[in-house]
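Novice: Following this message is one structure expressed as structure tokens.
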Amino acid sequence: MQRWEKIYIVFMVVGMISLLLTAGMPRPCSAVVTEEQMKNWPVPCYQGEELQKVREWEKTWVGKKINQDNIDQVKEFLSDQFYEVFKNPQDWGATELFFSIVPYQQVSYTPGVMEATRKYAPTAKLDPNPRKAYWKGEVLPNEFLVGWDKAEGAGIPFPFPQSGVEIAWNMESSNQYGDTRSVHRDGVVVNPRTKAERRAIQPWIHDYYTRRCDFPPMPNKPDNAKGLRRAMFLEIVEPLDVKDTRYMELRYLDVTKPEDVWIWFPLFRRIRRMGVVYKSDTIDGTDLGPDDEMGWNGHTNVKNWNIVGRKEMLVGRHEDTTKYTKEKGQAVWNGYQMERLNTYVVECKWKDPNASYSKEVLYFDPELWRALQKVTWDRQGRVWRQFFYHREMLKTKDPNVVISHCFELYSMDLQRRHGSPTMDKMKEAGKNIDNSFWTIQNLQKLGF
Amino acid sequence: MYKKFVLPIQCSFLVVLFLTCATAHATFYFFDGKLESAGKIEQKAIIKYNMVDWEKGKGKYGYRSGDGRMENPASFKTHFHIDANYHLYKTDRNMIDIYTLWEWFYDFAPDMRHNIHDGMHSRDRNRYQTPHGQEMCRELYINIVNGPWTFRIGKQMVVWGETSLKRTADVVNPLDSRSHMMGVDDWEDFKKGLWMVRTFYQTSLKNDLTPEIIWVPHDIKVMDIAPEGSLFNTQYSGGFFSQLQRRWKYDEPKARGVKDSQGGIRLRGYNWDWDWTILWYNGFDPAPVQVDWGQRGKESYKPTTAFGWAQYPGTMNGGIAGINLWAGEYNVNYLQGDPLPKFPTDRGFKYYRTDNYGATAVKHFDNVRIRDLYIPTKTTARIEFTFKEGVHMNRIKPGPSPPVYGLTKKDIIGYALELSRDWMIPYIRNWNGERSVDTTLSLYQDWIMSWKDHHLGLSGYDRGGGDKYTTTLGFSASTDWLKQDLDTRFNTSYCTSGYGDFWTQLMYSQGDHLRYTVLWRTSWSNAGPNNHKGDNYHARWTEKDDTIQYLMVKLGYLF
């Protein structure tokens with residue numbers, strides 16, 4: 001055998017072995033879900049011994065009313081900001097702020113999300129290539145969900161997320177349940193110092209064009225010429241200064257195209273086209289801007305997402321809103337029913353250094369991949385705002401689906417001591433809205 | 001006498017206002033929510049300051065209008081505004097609503113200050129202080145939606161423009177500027193509703209193309225200018241202006257019939273990320289031109305006073321006849337305290353139609369990239385363009401008191417550009433809870449085409465002698481504080497025709513209902529309606545000290 005033949009054979013053998021070995025290894029940009037994992041999915045937050053421990057703990061605490069006198073005993077299950085608020089009710093216009101503890105219950109996905117996740121999650125992966133986007137910082141390698149811009153896939157793309165950005169994609173991808181939702185928001189904006197309240201009534205509609213799982217048309221709405229991911233409509237009934245203002249927001253699949261916002265102003269009866277920057281401003285005296293809805297309401301890759309750990313938390317997932325109470329001038333609801341959950345703590349930062357928030361921490365539900373609480377920091381690094389995204393279980397009609405509805409987008413300003421207790425009561429889910437609704441012509445038609 | 005009832009009324013109003021604010025609910029619903037109604041009550045006081053002599057009614061030889069003159073409070077007005085929407089029928093594709101908007105106001109200032117009272121003609125004063133009849137109903141229409149079709153039938157205000165500095169493409173409704181300040185109040189406060197049929201059809205084309213047709217079959221309304229002796233017009237001319245305006249308003253329009261319908265078409269679409277419209281509207285100019293300047297010869301106007309007859313042969317020989325003759329006769333007799341001549345019986349004014357063509361376009365520019373350089377623009381651009389074909393205008397002679405001597409038709413083109421951007425200004429954002437400062441930079445220009453003489457158009461194209469074109473620049477900024485309880489606004493504008501203004505406003509919102517507003521305005525000018533400068537080519541349209549400076553305090557209650 002010639003020498004060069006020996007070298008050739010050695011190279012070939014090493015090459016083949018390397019090929020066989022690496023073929024089975026997950027690449028950074030590939031899906032990390034195995035069939036074995038999917039068989040056992042969805043995974044409850046607690047099982048086995050962990051669940052036993054939680055049940056033991058619950059024997060002591062379930063049904064107990066927690067207020068400023070005994071909150072120290074459950075402090076380890078609260079964020080520092082939540083604790084400070086309930087420990088000092090006088091700062092928030094109340095003599096007592098209280099909540100109760102309820103047992104942990106697993107929350108199931110809807111049948112549609114289950115089916116879509118089983119179908120699409122094994123092939124879900126992040127794009128190893130960077131891409132252009134409208135925001136500063138653009139999209140870096142391994143940040144963008146492959147197929148997103150082509151409206152491919154549905155359900156939870158990363159049922160077993162390994163990174164913050166995968167959790168963020170899970171939040172963005174699953175349509176917040178309901179595919180199309182019509183909601184009546186009613187609440188007040190409270191200044192606890194003066195006890196002054198301003199009413200805020202803002203019915204709104206969310207209509208997801210892609211990744212629909214439960215309500216037809218599925219998985220995508222047809223004739224999506226504009227390439228919409230989600231359309232939103234909001235009408236302001238109160239405060240009266242801006243009564244009849246109508247807000248329409250369109251988010252596109254194309255990341256080079258910023259969200260469009262149009263507002264019909266009754267004051268001068270004119271449709272105003274606003275920039276995407278408008279979404280960062282708070283809505284009519286509340287502490288909630290369009291960007292803060294559900295934890296984050298925008299393109300996933302506008303921010304960098306990092307998992308900083310897990311934290312056992314008390315969070316609201318099976319709330320009974322009839323138990324909510326509030327005195328006039330009180331900036332926070334009483335009567336939350338909180339259950340224990342081992343949340344994912346995800347820190348996110350805007351890629352644009354000029355953003356209003358220097359840092360945000362979101363507490364994610366590991367069963368639904370929804371943000372349940374959020375705390376934000378201002379540009380000086382001081383804690384600024386706190387948000388609760390509490391949920392209730394609702395049964396929809398036709399089809400009959402149990403969904404986890406986020407009925408509370410509670411926001412509070414911790415620096416200026418200001419809060420906006422509101423409730424978003426579901427009016428209708430799954431209704432098919434004609435594409436012509438999402439035009440400025442319709443906005444004009446709805447005005448006067 | 002007036003004070004006896006004015007003060008109790010005001011006090012009662014304030015007491016009721018404060019008592020109700022604790023108990024009232026925002027927005028009223030009736031009939032299971034089918035009828036919803038909201039409104040506001042406002043009490044407004046305006047204090048003018050730095051009033052110059054002519055503003056106070058003082059001429060060379062004393063007060064021109066007897067004892068009539070402007071005093072403070074220049075306005076003390078109670079304003080009531082209510083709208084209602086009745087949802088008659090609603091399904092997924094069909095809807096029938098009835099919408100109406102009413103307003104009533106009363107300005108107590110002429111009752112509180114007899115000098116203001118005496119400075120206005122009784123007929124003007126009566127209509128200035130409070131609206132009459134149909135004026136109270138600003139809108140009343142039925143809105144019928146049937147699939148892609150929308151029909152709105154009734155009295156309506158139409159907004160076709162995108163910019164706010166000037167009415168470039170927004171041409172449908174005439175304005176009532178008796179009680180509002182241009183540049184401060186919204187155009188919609190000025191608009192006079194017209195009875196019309198308005199139809200939209202929303203196509204299912206990819207660019208959302210929507211044609212709109214407006215037909216105003218009969219309703220002809222004209223622009224109302226602030227009457228002599230009122231808050232925004234203290235040019236005391238002894239009723240001369242009042243006489244003219246009465247003719248503009250009642251003489252010619254009353255003679256019009258059904259055949260004089262107005263109408264237009266607008267197309268709205270969305271292409272290449274631009275929202276755009278193109279429009280055409282054929283309607284009457286909002287103000288008339290003079291059609292009797294002496295060309296009718298001796299039949300035009302014959303004097304009715306001794307002075308007039310004495311001067312008649314000379315004025316006729318000098319080519320001064322018609323309404324010019326009447327004007328001279330009126331003013332001299334007025335200054336001498338003699339009986340005033342009657343207004344010419346022949347029609348002196350006429351409203352002409354104009355074809356208005358326009359276009360608007362809006363786009364948001366989030367950023368601009370030059371290679372790797374990322375420049376955040378975050379700016380919304382609004383552009384308007386107008387072309388008015390053959391606008392009728394009077395020719396005026398240069399001179400100290402220019403008489404009208406002819407009529408001409410001129411094309412006008414104009415455009416407006418607004419750039420709006422929300423800024424996060426470091427110092428301010430630290431104090432107002434990261435609220436943006438919304439700024440708008442405006443530019444407006446218009447040209448009278450083929451201009452070679454002095455043209456006086458009463459319908460808004462007035463400019464200084466020699467101004468073939470005008471350029472207006474404006475800047476506004478607004479932000480809010482204290483969790484949006486305190487709203488602050490700044491606005492300034494300058495027109496090359498010789499005037500500018502600055503105003504700032506603070507509005508504090510207390511709870512759901514109470515609103516407190518303070519507004520300060522100052523303006524400057526280098527020309528004026530009392531323009532008697534010799535060189536009219538270089539003189540401006542308003543006089544140097546033609547300023548309207550005031551402080552407004554307003555208490556509002558929303559319900």
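Residues in the structure tokens are named by chain (A, B, ... in the order shown) and by number from 1 within that chain; ligands are numbered from 1 in the order shown.
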Pull out every residue of chain A that has at least one atom within 7 Å of chain B, counting only C-alpha atoms, and report them as number ranges by chain.
Specialist: A: 136, 196-199, 225, 239-240, 268-270, 274-275, 281, 285, 356, 439, 441
Novice: Return the single residue from A:Glu360, A:Glu138, A:Asp186, A:Asp214 that is closest to Glu408 (chain A), with distances computed using only C-alpha atoms.
Specialist: A:Asp186
Novice: Just checking: using only C-alpha atoms, which residue out of A:His405, A:Lys351, A:Arg246, A:Lys65 ends up closest to Gly447 (chain A)?
Specialist: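 Using only C-alpha atoms, Gly447 (chain A) sits closest to A:Arg246.
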Novice: Excluding region 113-122 of chain A and any residue of its chain fewer than 4 positions from it, enumerate the residues within 8 Å of it, using only C-alpha atoms, and give them as an mmCIF file with C-alpha atoms, in the first residue's frame.
Specialist:
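And here's around39.cif as it stands now:
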```cif
data_model
loop_
_atom_site.group_PDB
_atom_site.id
_atom_site.type_symbol
_atom_site.label_atom_id
_atom_site.label_comp_id
_atom_site.auth_asym_id
_atom_site.auth_seq_id
_atom_site.Cartn_x
_atom_site.Cartn_y
_atom_site.Cartn_z
ATOM 1 C CA ALA A 31 -34.414 22.153 17.785
ATOM 2 C CA VAL A 32 -33.535 20.626 21.112
ATOM 3 C CA VAL A 33 -36.733 18.648 21.483
ATOM 4 C CA THR A 34 -36.555 14.910 21.287
ATOM 5 C CA GLU A 35 -39.428 12.536 20.691
ATOM 6 C CA MET A 38 -42.469 15.205 23.683
ATOM 7 C CA TYR A 109 -52.683 23.924 27.157
ATOM 8 C CA GLY A 153 -45.557 26.722 12.439
ATOM 9 C CA ALA A 154 -47.810 27.137 15.453
ATOM 10 C CA GLY A 155 -48.000 26.243 19.120
ATOM 11 C CA ILE A 156 -45.096 26.413 21.543
ATOM 12 C CA PRO A 157 -41.873 26.306 19.521
ATOM 13 C CA PHE A 158 -39.584 25.464 22.441
ATOM 14 C CA PRO A 159 -41.415 23.319 25.017
ATOM 15 C CA SER A 174 -48.745 31.005 21.275
ATOM 16 C CA CYS A 213 -54.443 26.980 17.232
ATOM 17 C CA ASP A 214 -57.982 26.883 18.553
#
```
Novice: Just how far from CA of Tyr444 (chain B) is CA of Arg266 (chain B), in Å to one decimal?
Specialist: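 Here the two named atoms are 22.0 Å from each other.
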